[in-house]
Each structure stands twice: as C-alpha cells, then as structure tokens.
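Trainee: Pasting run33.cif below, which is mmCIF, N, CA and C atoms.
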```cif
data_query
loop_
_atom_site.group_PDB
_atom_site.id
_atom_site.type_symbol
_atom_site.label_atom_id
_atom_site.label_comp_id
_atom_site.auth_asym_id
_atom_site.auth_seq_id
_atom_site.Cartn_x
_atom_site.Cartn_y
_atom_site.Cartn_z
ATOM 1 N N MET E 25 48.715 -48.488 -26.144
ATOM 2 C CA MET E 25 47.939 -47.287 -26.130
ATOM 3 C C MET E 25 48.876 -46.118 -25.841
ATOM 4 N N LYS E 26 48.715 -45.037 -26.556
ATOM 5 C CA LYS E 26 49.569 -43.870 -26.365
ATOM 6 C C LYS E 26 48.754 -42.720 -25.776
ATOM 7 N N VAL E 27 49.369 -42.004 -24.860
ATOM 8 C CA VAL E 27 48.766 -40.830 -24.251
ATOM 9 C C VAL E 27 49.811 -39.728 -24.260
ATOM 10 N N LYS E 28 49.422 -38.527 -24.678
ATOM 11 C CA LYS E 28 50.369 -37.415 -24.701
ATOM 12 C C LYS E 28 50.489 -36.783 -23.320
ATOM 13 N N ARG E 29 51.707 -36.550 -22.914
ATOM 14 C CA ARG E 29 51.983 -35.941 -21.605
ATOM 15 C C ARG E 29 51.369 -34.555 -21.505
ATOM 16 N N SER E 30 51.376 -33.802 -22.601
ATOM 17 C CA SER E 30 50.826 -32.445 -22.580
ATOM 18 C C SER E 30 49.337 -32.456 -22.225
ATOM 19 N N LYS E 31 48.624 -33.509 -22.595
ATOM 20 C CA LYS E 31 47.206 -33.629 -22.257
ATOM 21 C C LYS E 31 47.024 -33.983 -20.778
ATOM 22 N N LEU E 32 48.013 -34.685 -20.193
ATOM 23 C CA LEU E 32 47.926 -35.093 -18.790
ATOM 24 C C LEU E 32 48.292 -33.971 -17.826
ATOM 25 N N LYS E 33 48.840 -32.872 -18.327
ATOM 26 C CA LYS E 33 49.214 -31.766 -17.439
ATOM 27 C C LYS E 33 47.984 -31.119 -16.825
ATOM 28 N N LYS E 34 46.893 -31.048 -17.586
ATOM 29 C CA LYS E 34 45.701 -30.343 -17.128
ATOM 30 C C LYS E 34 44.690 -31.241 -16.430
ATOM 31 N N LYS E 35 44.455 -32.444 -16.967
ATOM 32 C CA LYS E 35 43.469 -33.320 -16.341
ATOM 33 C C LYS E 35 43.744 -34.778 -16.693
ATOM 34 N N ALA E 36 43.072 -35.661 -15.976
ATOM 35 C CA ALA E 36 43.239 -37.095 -16.184
ATOM 36 C C ALA E 36 42.663 -37.503 -17.538
ATOM 37 N N ARG E 37 43.183 -38.586 -18.089
ATOM 38 C CA ARG E 37 42.711 -39.114 -19.365
ATOM 39 C C ARG E 37 42.218 -40.541 -19.172
ATOM 40 N N THR E 38 41.226 -40.915 -19.981
ATOM 41 C CA THR E 38 40.663 -42.255 -19.906
ATOM 42 C C THR E 38 40.834 -42.964 -21.242
ATOM 43 N N ILE E 39 41.295 -44.216 -21.175
ATOM 44 C CA ILE E 39 41.414 -45.070 -22.348
ATOM 45 C C ILE E 39 40.248 -46.044 -22.292
ATOM 46 N N LYS E 40 39.516 -46.182 -23.394
ATOM 47 C CA LYS E 40 38.391 -47.104 -23.407
ATOM 48 C C LYS E 40 38.890 -48.538 -23.296
ATOM 49 N N GLY E 41 38.224 -49.308 -22.462
ATOM 50 C CA GLY E 41 38.598 -50.700 -22.268
ATOM 51 C C GLY E 41 38.438 -51.528 -23.528
ATOM 52 N N THR E 42 37.476 -51.151 -24.383
ATOM 53 C CA THR E 42 37.254 -51.904 -25.613
ATOM 54 C C THR E 42 38.399 -51.740 -26.599
ATOM 55 N N LYS E 43 39.131 -50.620 -26.518
ATOM 56 C CA LYS E 43 40.297 -50.435 -27.381
ATOM 57 C C LYS E 43 41.499 -51.214 -26.859
ATOM 58 N N ALA E 44 41.590 -51.343 -25.540
ATOM 59 C CA ALA E 44 42.755 -51.971 -24.932
ATOM 60 C C ALA E 44 42.658 -53.491 -24.898
ATOM 61 N N MET E 45 41.454 -54.015 -24.716
ATOM 62 C CA MET E 45 41.299 -55.468 -24.613
ATOM 63 C C MET E 45 39.948 -55.897 -25.176
ATOM 64 N N LYS E 46 39.881 -57.100 -25.696
ATOM 65 C CA LYS E 46 38.661 -57.598 -26.315
ATOM 66 C C LYS E 46 38.195 -58.848 -25.577
ATOM 67 N N VAL E 47 36.917 -58.867 -25.229
ATOM 68 C CA VAL E 47 36.318 -60.037 -24.593
ATOM 69 C C VAL E 47 35.324 -60.613 -25.590
ATOM 70 N N SER E 48 35.585 -61.837 -26.033
ATOM 71 C CA SER E 48 34.707 -62.432 -27.035
ATOM 72 C C SER E 48 33.716 -63.388 -26.386
ATOM 73 N N SER E 49 32.468 -63.165 -26.677
ATOM 74 C CA SER E 49 31.327 -63.962 -26.218
ATOM 75 C C SER E 49 31.376 -64.343 -24.736
ATOM 76 N N PRO E 50 31.343 -63.356 -23.832
ATOM 77 C CA PRO E 50 31.318 -63.684 -22.403
ATOM 78 C C PRO E 50 29.927 -64.149 -21.975
ATOM 79 N N VAL E 51 29.889 -65.002 -20.965
ATOM 80 C CA VAL E 51 28.624 -65.451 -20.399
ATOM 81 C C VAL E 51 28.545 -64.906 -18.978
ATOM 82 N N GLY E 52 27.501 -64.142 -18.701
ATOM 83 C CA GLY E 52 27.356 -63.532 -17.380
ATOM 84 C C GLY E 52 28.033 -62.182 -17.323
ATOM 85 N N ALA E 53 28.022 -61.592 -16.142
ATOM 86 C CA ALA E 53 28.602 -60.259 -15.945
ATOM 87 C C ALA E 53 30.128 -60.323 -16.053
ATOM 88 N N VAL E 54 30.698 -59.321 -16.709
ATOM 89 C CA VAL E 54 32.152 -59.226 -16.860
ATOM 90 C C VAL E 54 32.654 -58.148 -15.907
ATOM 91 N N THR E 55 33.693 -58.467 -15.126
ATOM 92 C CA THR E 55 34.293 -57.494 -14.215
ATOM 93 C C THR E 55 35.778 -57.370 -14.506
ATOM 94 N N TYR E 56 36.304 -56.180 -14.226
ATOM 95 C CA TYR E 56 37.708 -55.875 -14.480
ATOM 96 C C TYR E 56 38.333 -55.390 -13.180
ATOM 97 N N THR E 57 39.514 -55.900 -12.856
ATOM 98 C CA THR E 57 40.241 -55.431 -11.677
ATOM 99 C C THR E 57 41.715 -55.258 -12.012
ATOM 100 N N LYS E 58 42.300 -54.184 -11.487
ATOM 101 C CA LYS E 58 43.727 -53.929 -11.703
ATOM 102 C C LYS E 58 44.515 -54.865 -10.808
ATOM 103 N N VAL E 59 45.476 -55.570 -11.389
ATOM 104 C CA VAL E 59 46.319 -56.493 -10.637
ATOM 105 C C VAL E 59 47.608 -55.800 -10.224
ATOM 106 N N SER E 60 48.286 -55.165 -11.194
ATOM 107 C CA SER E 60 49.554 -54.504 -10.889
ATOM 108 C C SER E 60 49.927 -53.524 -11.992
ATOM 109 N N VAL E 61 50.924 -52.694 -11.680
ATOM 110 C CA VAL E 61 51.520 -51.759 -12.646
ATOM 111 C C VAL E 61 53.019 -52.007 -12.598
ATOM 112 N N SER E 62 53.667 -51.980 -13.769
ATOM 113 C CA SER E 62 55.083 -52.337 -13.850
ATOM 114 C C SER E 62 55.969 -51.458 -12.963
ATOM 115 N N LYS E 63 55.678 -50.174 -12.885
ATOM 116 C CA LYS E 63 56.443 -49.283 -12.016
ATOM 117 C C LYS E 63 55.598 -49.048 -10.767
ATOM 118 N N LYS E 64 55.932 -49.773 -9.695
ATOM 119 C CA LYS E 64 55.075 -49.836 -8.509
ATOM 120 C C LYS E 64 54.749 -48.492 -7.883
ATOM 121 N N LYS E 65 55.673 -47.542 -7.914
ATOM 122 C CA LYS E 65 55.388 -46.266 -7.268
ATOM 123 C C LYS E 65 54.351 -45.451 -8.047
ATOM 124 N N TYR E 66 54.038 -45.854 -9.279
ATOM 125 C CA TYR E 66 53.017 -45.174 -10.074
ATOM 126 C C TYR E 66 51.699 -45.940 -10.102
ATOM 127 N N ALA E 67 51.569 -46.976 -9.315
ATOM 128 C CA ALA E 67 50.360 -47.808 -9.333
ATOM 129 C C ALA E 67 49.102 -47.008 -9.002
ATOM 130 N N LYS E 68 49.206 -46.025 -8.122
ATOM 131 C CA LYS E 68 48.038 -45.230 -7.742
ATOM 132 C C LYS E 68 47.611 -44.259 -8.835
ATOM 133 N N ARG E 69 48.423 -44.086 -9.858
ATOM 134 C CA ARG E 69 48.097 -43.170 -10.947
ATOM 135 C C ARG E 69 47.198 -43.813 -12.000
ATOM 136 N N PHE E 70 46.969 -45.123 -11.891
ATOM 137 C CA PHE E 70 46.128 -45.840 -12.850
ATOM 138 C C PHE E 70 44.934 -46.451 -12.126
ATOM 139 N N LYS E 71 43.742 -46.244 -12.694
ATOM 140 C CA LYS E 71 42.526 -46.841 -12.141
ATOM 141 C C LYS E 71 41.809 -47.584 -13.261
ATOM 142 N N VAL E 72 41.178 -48.694 -12.897
ATOM 143 C CA VAL E 72 40.419 -49.479 -13.862
ATOM 144 C C VAL E 72 38.966 -49.524 -13.398
ATOM 145 N N ASP E 73 38.055 -49.138 -14.272
ATOM 146 C CA ASP E 73 36.629 -49.182 -13.945
ATOM 147 C C ASP E 73 36.191 -50.646 -13.926
ATOM 148 N N PRO E 74 35.591 -51.112 -12.825
ATOM 149 C CA PRO E 74 35.245 -52.533 -12.725
ATOM 150 C C PRO E 74 34.148 -52.979 -13.690
ATOM 151 N N ASN E 75 33.323 -52.062 -14.181
ATOM 152 C CA ASN E 75 32.221 -52.431 -15.071
ATOM 153 C C ASN E 75 32.559 -52.317 -16.544
ATOM 154 N N THR E 76 33.308 -51.282 -16.922
ATOM 155 C CA THR E 76 33.598 -51.047 -18.342
ATOM 156 C C THR E 76 35.009 -51.438 -18.753
ATOM 157 N N GLY E 77 35.938 -51.497 -17.800
ATOM 158 C CA GLY E 77 37.328 -51.800 -18.119
ATOM 159 C C GLY E 77 38.110 -50.582 -18.571
ATOM 160 N N ASN E 78 37.494 -49.389 -18.512
ATOM 161 C CA ASN E 78 38.196 -48.170 -18.901
ATOM 162 C C ASN E 78 39.356 -47.901 -17.954
ATOM 163 N N ILE E 79 40.493 -47.498 -18.518
ATOM 164 C CA ILE E 79 41.690 -47.220 -17.736
ATOM 165 C C ILE E 79 41.848 -45.708 -17.635
ATOM 166 N N THR E 80 41.865 -45.177 -16.413
ATOM 167 C CA THR E 80 42.037 -43.754 -16.192
ATOM 168 C C THR E 80 43.448 -43.494 -15.704
ATOM 169 N N ILE E 81 44.109 -42.542 -16.349
ATOM 170 C CA ILE E 81 45.472 -42.163 -15.980
ATOM 171 C C ILE E 81 45.391 -40.781 -15.350
ATOM 172 N N LYS E 82 45.881 -40.650 -14.124
ATOM 173 C CA LYS E 82 45.811 -39.372 -13.417
ATOM 174 C C LYS E 82 46.718 -38.345 -14.072
ATOM 175 N N LYS E 83 46.363 -37.075 -13.835
ATOM 176 C CA LYS E 83 47.164 -36.001 -14.413
ATOM 177 C C LYS E 83 48.547 -35.961 -13.769
ATOM 178 N N LYS E 84 49.478 -35.389 -14.499
ATOM 179 C CA LYS E 84 50.869 -35.229 -14.099
ATOM 180 C C LYS E 84 51.623 -36.561 -13.966
ATOM 181 N N THR E 85 51.181 -37.580 -14.670
ATOM 182 C CA THR E 85 51.931 -38.836 -14.732
ATOM 183 C C THR E 85 53.145 -38.611 -15.617
ATOM 184 N N LYS E 86 54.301 -39.072 -15.173
ATOM 185 C CA LYS E 86 55.553 -38.832 -15.897
ATOM 186 C C LYS E 86 55.627 -39.646 -17.175
ATOM 187 N N LYS E 87 56.497 -39.180 -18.102
ATOM 188 C CA LYS E 87 56.714 -39.894 -19.350
ATOM 189 C C LYS E 87 57.286 -41.270 -19.065
ATOM 190 N N GLY E 88 56.916 -42.209 -19.915
ATOM 191 C CA GLY E 88 57.445 -43.555 -19.776
ATOM 192 C C GLY E 88 56.462 -44.581 -20.288
ATOM 193 N N THR E 89 56.875 -45.830 -20.249
ATOM 194 C CA THR E 89 56.032 -46.942 -20.652
ATOM 195 C C THR E 89 55.636 -47.722 -19.411
ATOM 196 N N TYR E 90 54.350 -47.936 -19.253
ATOM 197 C CA TYR E 90 53.815 -48.632 -18.087
ATOM 198 C C TYR E 90 53.036 -49.855 -18.565
ATOM 199 N N LYS E 91 53.220 -50.963 -17.874
ATOM 200 C CA LYS E 91 52.456 -52.170 -18.177
ATOM 201 C C LYS E 91 51.456 -52.375 -17.049
ATOM 202 N N VAL E 92 50.184 -52.312 -17.399
ATOM 203 C CA VAL E 92 49.113 -52.460 -16.424
ATOM 204 C C VAL E 92 48.501 -53.846 -16.612
ATOM 205 N N LYS E 93 48.544 -54.666 -15.568
ATOM 206 C CA LYS E 93 47.941 -56.001 -15.626
ATOM 207 C C LYS E 93 46.520 -55.905 -15.092
ATOM 208 N N ILE E 94 45.581 -56.452 -15.866
ATOM 209 C CA ILE E 94 44.166 -56.387 -15.522
ATOM 210 C C ILE E 94 43.585 -57.793 -15.556
ATOM 211 N N ASN E 95 42.831 -58.140 -14.510
ATOM 212 C CA ASN E 95 42.149 -59.422 -14.460
ATOM 213 C C ASN E 95 40.735 -59.221 -14.998
ATOM 214 N N VAL E 96 40.367 -60.001 -16.026
ATOM 215 C CA VAL E 96 39.043 -59.934 -16.632
ATOM 216 C C VAL E 96 38.327 -61.222 -16.255
ATOM 217 N N ALA E 97 37.149 -61.086 -15.619
ATOM 218 C CA ALA E 97 36.421 -62.267 -15.156
ATOM 219 C C ALA E 97 34.983 -62.232 -15.645
ATOM 220 N N ALA E 98 34.490 -63.379 -16.119
ATOM 221 C CA ALA E 98 33.091 -63.535 -16.521
ATOM 222 C C ALA E 98 32.415 -64.440 -15.502
ATOM 223 N N ALA E 99 31.228 -64.046 -15.056
ATOM 224 C CA ALA E 99 30.544 -64.755 -13.966
ATOM 225 C C ALA E 99 30.041 -66.138 -14.356
ATOM 226 N N GLY E 100 29.666 -66.331 -15.606
ATOM 227 C CA GLY E 100 29.112 -67.612 -16.022
ATOM 228 C C GLY E 100 27.630 -67.693 -15.686
ATOM 229 N N ASP E 101 27.019 -68.866 -15.933
ATOM 230 C CA ASP E 101 25.615 -69.087 -15.582
ATOM 231 C C ASP E 101 25.412 -70.562 -15.285
ATOM 232 N N ALA E 102 24.177 -71.034 -15.364
ATOM 233 C CA ALA E 102 23.879 -72.424 -15.031
ATOM 234 C C ALA E 102 24.561 -73.411 -15.977
ATOM 235 N N ASN E 103 24.771 -73.021 -17.227
ATOM 236 C CA ASN E 103 25.362 -73.919 -18.217
ATOM 237 C C ASN E 103 26.870 -73.751 -18.381
ATOM 238 N N TYR E 104 27.406 -72.591 -17.966
ATOM 239 C CA TYR E 104 28.823 -72.304 -18.172
ATOM 240 C C TYR E 104 29.485 -71.935 -16.852
ATOM 241 N N ASP E 105 30.692 -72.427 -16.665
ATOM 242 C CA ASP E 105 31.463 -72.073 -15.476
ATOM 243 C C ASP E 105 31.996 -70.656 -15.601
ATOM 244 N N GLN E 106 32.342 -70.092 -14.446
ATOM 245 C CA GLN E 106 32.976 -68.770 -14.481
ATOM 246 C C GLN E 106 34.388 -68.912 -15.029
ATOM 247 N N GLY E 107 34.898 -67.836 -15.580
ATOM 248 C CA GLY E 107 36.242 -67.862 -16.133
ATOM 249 C C GLY E 107 36.920 -66.529 -15.938
ATOM 250 N N SER E 108 38.245 -66.558 -15.933
ATOM 251 C CA SER E 108 38.986 -65.306 -15.813
ATOM 252 C C SER E 108 40.311 -65.421 -16.544
ATOM 253 N N LYS E 109 40.834 -64.265 -16.888
ATOM 254 C CA LYS E 109 42.110 -64.214 -17.583
ATOM 255 C C LYS E 109 42.791 -62.901 -17.224
ATOM 256 N N THR E 110 44.100 -62.926 -17.111
ATOM 257 C CA THR E 110 44.866 -61.718 -16.837
ATOM 258 C C THR E 110 45.486 -61.235 -18.142
ATOM 259 N N VAL E 111 45.241 -59.954 -18.451
ATOM 260 C CA VAL E 111 45.799 -59.355 -19.662
ATOM 261 C C VAL E 111 46.730 -58.219 -19.269
ATOM 262 N N THR E 112 47.707 -57.948 -20.116
ATOM 263 C CA THR E 112 48.644 -56.855 -19.891
ATOM 264 C C THR E 112 48.417 -55.800 -20.960
ATOM 265 N N VAL E 113 48.188 -54.569 -20.508
ATOM 266 C CA VAL E 113 47.987 -53.441 -21.417
ATOM 267 C C VAL E 113 49.190 -52.513 -21.275
ATOM 268 N N LYS E 114 49.832 -52.223 -22.392
ATOM 269 C CA LYS E 114 50.991 -51.334 -22.383
ATOM 270 C C LYS E 114 50.511 -49.911 -22.647
ATOM 271 N N VAL E 115 50.794 -49.011 -21.698
ATOM 272 C CA VAL E 115 50.412 -47.607 -21.821
ATOM 273 C C VAL E 115 51.702 -46.797 -21.935
ATOM 274 N N ARG E 116 51.778 -46.002 -23.003
ATOM 275 C CA ARG E 116 52.967 -45.178 -23.215
ATOM 276 C C ARG E 116 52.606 -43.699 -23.096
ATOM 277 N N VAL E 117 53.231 -43.029 -22.145
ATOM 278 C CA VAL E 117 53.026 -41.599 -21.968
ATOM 279 C C VAL E 117 54.175 -40.913 -22.677
ATOM 280 N N LYS E 118 53.848 -40.105 -23.688
ATOM 281 C CA LYS E 118 54.885 -39.436 -24.492
ATOM 282 C C LYS E 118 54.990 -37.982 -24.139
#
```
Show me the file's structure as structure tokens.

Mentor:
Amino acid sequence: MKVKRSKLKKKARTIKGTKAMKVSSPVGAVTYTKVSVSKKKYAKRFKVDPNTGNITIKKKTKKGTYKVKINVAAAGDANYDQGSKTVTVKVRVK
C-alpha cells in the first residue's frame, strides 16, 4: 500500500483493511490486532481498527517502508473452531 507523504503533513490517513488483506469465508466475529511494526520507534504511528482492520497512519510519519504485522482471528461457532493468522502488510510512505 502506498501513501503520499504530502498527504500525511496535514492529517492522518486510513488504508481500508479490505484492500490490505482478504479474509475468505470466516465463521464468527473477525478481530484484528496490531502485533508489531518493522521500525519499532514508529509503532505508535500505526493503529489498526479491531473491527474493520483499517490501518490508520498518523500525520507527519517519515518517508520509508514499514511492515505492519496484524493478527486476524475468527471466533468460530459450535461447528467450527476458532482460528487466527498473522499477516504482514507493507506500507510505503513516499
């Protein structure tokens, strides 16, 4: 996913979770949690919405490539066990 630095100067930007990652046929509620960011001192500049998976990048984030690891979990139901998977989303600030 690419984000222009000039857009981040004024306000935060949000990347839709559906563009960054795809969940096929989940059973039960799906939750998203941020696991890590490749450049640790910038970890607070990225937020993941637990319900939609949208990734918000705070304003004034420096240029560079960041790898955001996100844990995607489906709750399951009486017939299916819960499941989870960790995905890596590459965000490039130009």

Trainee: Using atom CA of E:Ala99 and atom C of E:Lys46 as the two end points, give the distance in Å to one decimal.

Mentor: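 Going from atom CA of E:Ala99 over to atom C of E:Lys46 covers 15.1 Å.
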
Trainee: Identify all residues satisfying the PyMOL selection byres (((chain E and resi 47-52 and name CA) around 7) and name CA) in the given file; provide them as a VMD selection string.

Mentor: chain E and resid 45 to 46 53 to 54 98 to 101

Trainee: Taking the chain letters and numbering used in this document, name the residues of chain E that DSSP puts in strand (DSSP E), as a ChimeraX atom specification.

Mentor: /E:26-27,37-39,54-61,70-72,79-81,88-98,107-117

Trainee: With N, CA and C atoms retained, export the selected residues as a short mmCIF file (atom, residue, chain, number, x, y, z; two decimals), keeping the file's coordinate frame.

Mentor:
```
data_model
loop_
_atom_site.label_atom_id
_atom_site.label_comp_id
_atom_site.auth_asym_id
_atom_site.auth_seq_id
_atom_site.Cartn_x
_atom_site.Cartn_y
_atom_site.Cartn_z
N LYS E 26 48.72 -45.04 -26.56
CA LYS E 26 49.57 -43.87 -26.36
C LYS E 26 48.75 -42.72 -25.78
N VAL E 27 49.37 -42.00 -24.86
CA VAL E 27 48.77 -40.83 -24.25
C VAL E 27 49.81 -39.73 -24.26
N ARG E 37 43.18 -38.59 -18.09
CA ARG E 37 42.71 -39.11 -19.36
C ARG E 37 42.22 -40.54 -19.17
N THR E 38 41.23 -40.92 -19.98
CA THR E 38 40.66 -42.26 -19.91
C THR E 38 40.83 -42.96 -21.24
N ILE E 39 41.30 -44.22 -21.18
CA ILE E 39 41.41 -45.07 -22.35
C ILE E 39 40.25 -46.04 -22.29
N VAL E 54 30.70 -59.32 -16.71
CA VAL E 54 32.15 -59.23 -16.86
C VAL E 54 32.65 -58.15 -15.91
N THR E 55 33.69 -58.47 -15.13
CA THR E 55 34.29 -57.49 -14.22
C THR E 55 35.78 -57.37 -14.51
N TYR E 56 36.30 -56.18 -14.23
CA TYR E 56 37.71 -55.88 -14.48
C TYR E 56 38.33 -55.39 -13.18
N THR E 57 39.51 -55.90 -12.86
CA THR E 57 40.24 -55.43 -11.68
C THR E 57 41.72 -55.26 -12.01
N LYS E 58 42.30 -54.18 -11.49
CA LYS E 58 43.73 -53.93 -11.70
C LYS E 58 44.52 -54.86 -10.81
N VAL E 59 45.48 -55.57 -11.39
CA VAL E 59 46.32 -56.49 -10.64
C VAL E 59 47.61 -55.80 -10.22
N SER E 60 48.29 -55.16 -11.19
CA SER E 60 49.55 -54.50 -10.89
C SER E 60 49.93 -53.52 -11.99
N VAL E 61 50.92 -52.69 -11.68
CA VAL E 61 51.52 -51.76 -12.65
C VAL E 61 53.02 -52.01 -12.60
N PHE E 70 46.97 -45.12 -11.89
CA PHE E 70 46.13 -45.84 -12.85
C PHE E 70 44.93 -46.45 -12.13
N LYS E 71 43.74 -46.24 -12.69
CA LYS E 71 42.53 -46.84 -12.14
C LYS E 71 41.81 -47.58 -13.26
N VAL E 72 41.18 -48.69 -12.90
CA VAL E 72 40.42 -49.48 -13.86
C VAL E 72 38.97 -49.52 -13.40
N ILE E 79 40.49 -47.50 -18.52
CA ILE E 79 41.69 -47.22 -17.74
C ILE E 79 41.85 -45.71 -17.64
N THR E 80 41.86 -45.18 -16.41
CA THR E 80 42.04 -43.75 -16.19
C THR E 80 43.45 -43.49 -15.70
N ILE E 81 44.11 -42.54 -16.35
CA ILE E 81 45.47 -42.16 -15.98
C ILE E 81 45.39 -40.78 -15.35
N GLY E 88 56.92 -42.21 -19.92
CA GLY E 88 57.44 -43.56 -19.78
C GLY E 88 56.46 -44.58 -20.29
N THR E 89 56.88 -45.83 -20.25
CA THR E 89 56.03 -46.94 -20.65
C THR E 89 55.64 -47.72 -19.41
N TYR E 90 54.35 -47.94 -19.25
CA TYR E 90 53.82 -48.63 -18.09
C TYR E 90 53.04 -49.86 -18.57
N LYS E 91 53.22 -50.96 -17.87
CA LYS E 91 52.46 -52.17 -18.18
C LYS E 91 51.46 -52.38 -17.05
N VAL E 92 50.18 -52.31 -17.40
CA VAL E 92 49.11 -52.46 -16.42
C VAL E 92 48.50 -53.85 -16.61
N LYS E 93 48.54 -54.67 -15.57
CA LYS E 93 47.94 -56.00 -15.63
C LYS E 93 46.52 -55.90 -15.09
N ILE E 94 45.58 -56.45 -15.87
CA ILE E 94 44.17 -56.39 -15.52
C ILE E 94 43.58 -57.79 -15.56
N ASN E 95 42.83 -58.14 -14.51
CA ASN E 95 42.15 -59.42 -14.46
C ASN E 95 40.74 -59.22 -15.00
N VAL E 96 40.37 -60.00 -16.03
CA VAL E 96 39.04 -59.93 -16.63
C VAL E 96 38.33 -61.22 -16.26
N ALA E 97 37.15 -61.09 -15.62
CA ALA E 97 36.42 -62.27 -15.16
C ALA E 97 34.98 -62.23 -15.64
N ALA E 98 34.49 -63.38 -16.12
CA ALA E 98 33.09 -63.54 -16.52
C ALA E 98 32.42 -64.44 -15.50
N GLY E 107 34.90 -67.84 -15.58
CA GLY E 107 36.24 -67.86 -16.13
C GLY E 107 36.92 -66.53 -15.94
N SER E 108 38.24 -66.56 -15.93
CA SER E 108 38.99 -65.31 -15.81
C SER E 108 40.31 -65.42 -16.54
N LYS E 109 40.83 -64.26 -16.89
CA LYS E 109 42.11 -64.21 -17.58
C LYS E 109 42.79 -62.90 -17.22
N THR E 110 44.10 -62.93 -17.11
CA THR E 110 44.87 -61.72 -16.84
C THR E 110 45.49 -61.24 -18.14
N VAL E 111 45.24 -59.95 -18.45
CA VAL E 111 45.80 -59.36 -19.66
C VAL E 111 46.73 -58.22 -19.27
N THR E 112 47.71 -57.95 -20.12
CA THR E 112 48.64 -56.86 -19.89
C THR E 112 48.42 -55.80 -20.96
N VAL E 113 48.19 -54.57 -20.51
CA VAL E 113 47.99 -53.44 -21.42
C VAL E 113 49.19 -52.51 -21.28
N LYS E 114 49.83 -52.22 -22.39
CA LYS E 114 50.99 -51.33 -22.38
C LYS E 114 50.51 -49.91 -22.65
N VAL E 115 50.79 -49.01 -21.70
CA VAL E 115 50.41 -47.61 -21.82
C VAL E 115 51.70 -46.80 -21.94
N ARG E 116 51.78 -46.00 -23.00
CA ARG E 116 52.97 -45.18 -23.22
C ARG E 116 52.61 -43.70 -23.10
N VAL E 117 53.23 -43.03 -22.14
CA VAL E 117 53.03 -41.60 -21.97
C VAL E 117 54.18 -40.91 -22.68
#
```

Trainee: Between atom CA of E:Val92 and atom CA of E:Lys35, what is the spacing in Å?

Mentor: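 One can read the atom CA of E:Lys35 to atom CA of E:Val92 distance as 20.0 Å.
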
Trainee: When you count only C-alpha atoms, which of these residues is closest to E:Val27: E:Thr55, E:Asn75, E:Thr85, E:Ser62?

Mentor: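 That would be E:Thr85, the residue with the smallest distance to E:Val27.
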
Trainee: Looking at E:Lys82, E:Thr57, E:Ser30, E:Ala44, which one is nearest to E:Arg69, with distances taken over only N, CA and C atoms?

Mentor: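 With only N, CA and C atoms as the atom set, the closest residue is E:Lys82.
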
Trainee: Specify as a PyMOL selection string each residue included when the PyMOL selection byres ((chain E and resi 110) around 5) is applied to this file.

Mentor: chain E and resi 94-96+108-109+111-112

Trainee: Using DSSP on the backbone coordinates, identify the residues of chain E assigned to alpha helix (DSSP H); present them as a compact mmCIF listing (two decimals) with N, CA and C atoms, in the frame of the given file.

Mentor:
```txt
# COMPACT_ATOMS: atom_id res chain seq x y z
N ARG E 29 51.71 -36.55 -22.91
CA ARG E 29 51.98 -35.94 -21.60
C ARG E 29 51.37 -34.56 -21.50
N SER E 30 51.38 -33.80 -22.60
CA SER E 30 50.83 -32.44 -22.58
C SER E 30 49.34 -32.46 -22.22
N LYS E 31 48.62 -33.51 -22.60
CA LYS E 31 47.21 -33.63 -22.26
C LYS E 31 47.02 -33.98 -20.78
N LEU E 32 48.01 -34.68 -20.19
CA LEU E 32 47.93 -35.09 -18.79
C LEU E 32 48.29 -33.97 -17.83
N GLY E 41 38.22 -49.31 -22.46
CA GLY E 41 38.60 -50.70 -22.27
C GLY E 41 38.44 -51.53 -23.53
N THR E 42 37.48 -51.15 -24.38
CA THR E 42 37.25 -51.90 -25.61
C THR E 42 38.40 -51.74 -26.60
N LYS E 43 39.13 -50.62 -26.52
CA LYS E 43 40.30 -50.44 -27.38
C LYS E 43 41.50 -51.21 -26.86
N ALA E 44 41.59 -51.34 -25.54
CA ALA E 44 42.76 -51.97 -24.93
C ALA E 44 42.66 -53.49 -24.90
```

Trainee: Given the choices E:Ile39, E:Val61, E:Leu32, E:Ile79, which gets closest to E:Lys93 if the distance is worked out from only N, CA and C atoms?

Mentor: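 Under the stated criterion, the closest residue is E:Val61.
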
Trainee: Which is closest to E:Ile81 among E:Lys65, E:Arg116, E:Arg37, E:Lys58, if we use all atoms listed in the file?

Mentor: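 For E:Ile81, the nearest of the given residues is E:Arg37.
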
Trainee: Just to confirm, what's the straight-line distance from atom CA of E:Lys34 to atom N of E:Thr80 in Å (one decimal)?

Mentor: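 Computing the Euclidean distance for atom CA of E:Lys34 and atom N of E:Thr80 yields 15.3 Å.
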
Trainee: Kindly list the centre and edge lengths in Å, rounded to one decimal, for the axis-aligned box that covers all listed atoms of stretch 68-83 of chain E plus 4 Å on each of its six sides, as AutoDock Vina command-line options.

Mentor:
```
--center_x 40.7 --center_y -44.5 --center_z -13.3 --size_x 25.0 --size_y 25.0 --size_z 19.2
```

Trainee: Find, counting only N, CA and C atoms, the residue in E:Asp73, E:Thr38, E:Asp105, E:Val117 that gets nearest to E:Lys87.

Mentor: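 Among the listed residues, E:Val117 lies closest to E:Lys87.
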